[in-house]
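Undergrad: Below you'll find the structure I mean.
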Amino acid sequence: MPKAERNKRYHIFLLLSLIPIFLWSLIKCFDLYTWVLESAPVIIGGVILISVYRKFRLTNLAYILIWLHAVILLIGAHYTYAKMPFFNWIADVFDLSRNHYDRLGHFVQGFTPAILAREILLRTSPLKQGKWLFVIVISICLAISAAYELLEWMVAVIAKTAAEAFLGTQGDNWDTQKDMAFCLLGAVVSLITLSKFHNKDLKNIKIKTTFCRENNI
């Protein structure tokens with residue numbers, strides 16, 4: 001079987017495996033309105049990825065990270081980030097002041113988009129690997145984090161009843177700043193640890209891009 005066909009089947013498997021998780025997340029969720037807000041990135045992102053799949057197919061690494069990010073978002077949508085049971089248990093065992101599942105969510109908010117932004121820039125722009133690519137990708141991730149915090153603020157103003165569950169500040173006055181810091185940390189860790197793997201994945205897809213030309217692929 002051609003590698004492209006194997007990859008396609010793998011991508012379909014990732015998509016189909018997400019459906020039962022999506023349904024579980026919705027059924028008996030903590031609050032339907034909060035669930036819609038928290039799961040909206042999964043729904044919107046899924047529609048975009050499916051619609052562009054034939055014209056712009058991402059690397060396997062990118063799809064795996066997107067899948068993991070979607071699972072984390074859907075779990076948070078089901079319980080809300082402040083009430084995720086396993087992280088409540090961690091808080092009790094280690095005598096923590098709060099449930100830190102939202103910190104994981106914001107770490108991944110930088111970790112996954114860093115590879116996605118890196119791939120799009122390498123494949124569609126004149127940018128090459130180097131310091132400027134690193135800086136621009138980090139800036140994009142921080143912009144995404146800031147935009148999400150602004151969205152949370154807007155929702156809190158418009159729908160005060162859902163504000164506490166959606167914001168998940170848990171009484172921390174510096175929650176917004178810490179969320180953005182974890183996004184920054186996630187993006188940096190992602191680029192440092194996954195860039196080499198990402199480069200190998202990029203070499204395995206047959207496309208004519210700036211990245212391919214610069215690396216004599």
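Ordering of the structure tokens sets the chain letters (A, B, ...); residue numbers start at 1 within each chain; ligands are numbered from 1 in the order shown.
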Do you have, as a tab-separated table, the list of residues of range 85-170 of chain A lying at most 8 Å from range 59-67 of chain A, each with its nearest atom pair and that distance in Å to one decimal, counting only C-alpha atoms and ordered by chain then number?
TA:
```
residue	atom	partner	partner_atom	distance
A:Thr112	CA	A:Leu65	CA	5.6
A:Ile115	CA	A:Ala62	CA	6.5
A:Leu116	CA	A:Ala62	CA	6.0
```
Undergrad: Using only C-alpha atoms, pick whichever of A:Lys200, A:Arg123, A:Lys131, A:Lys178 has the shortest atom-to-atom distance to Phe56 in chain A.
TA: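 Closest to Phe56 in chain A, using only C-alpha atoms: A:Arg123.
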Undergrad: Name the residues of range 11-213 of chain A that fall into helix (DSSP H, G or I) according to DSSP on the backbone, using the chain letters and numbers of this document, as number ranges by chain.
TA: A: 11-26, 32-51, 60-79, 81-83, 85-93, 101-124, 131-158, 160-167, 175-203, 210-213
Undergrad: At what distance in Å, to one decimal, does CA of Ser145 in chain A lie from CA of His106 in chain A?
TA: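 Atom-to-atom, CA of His106 in chain A to CA of Ser145 in chain A, that is 7.9 Å.
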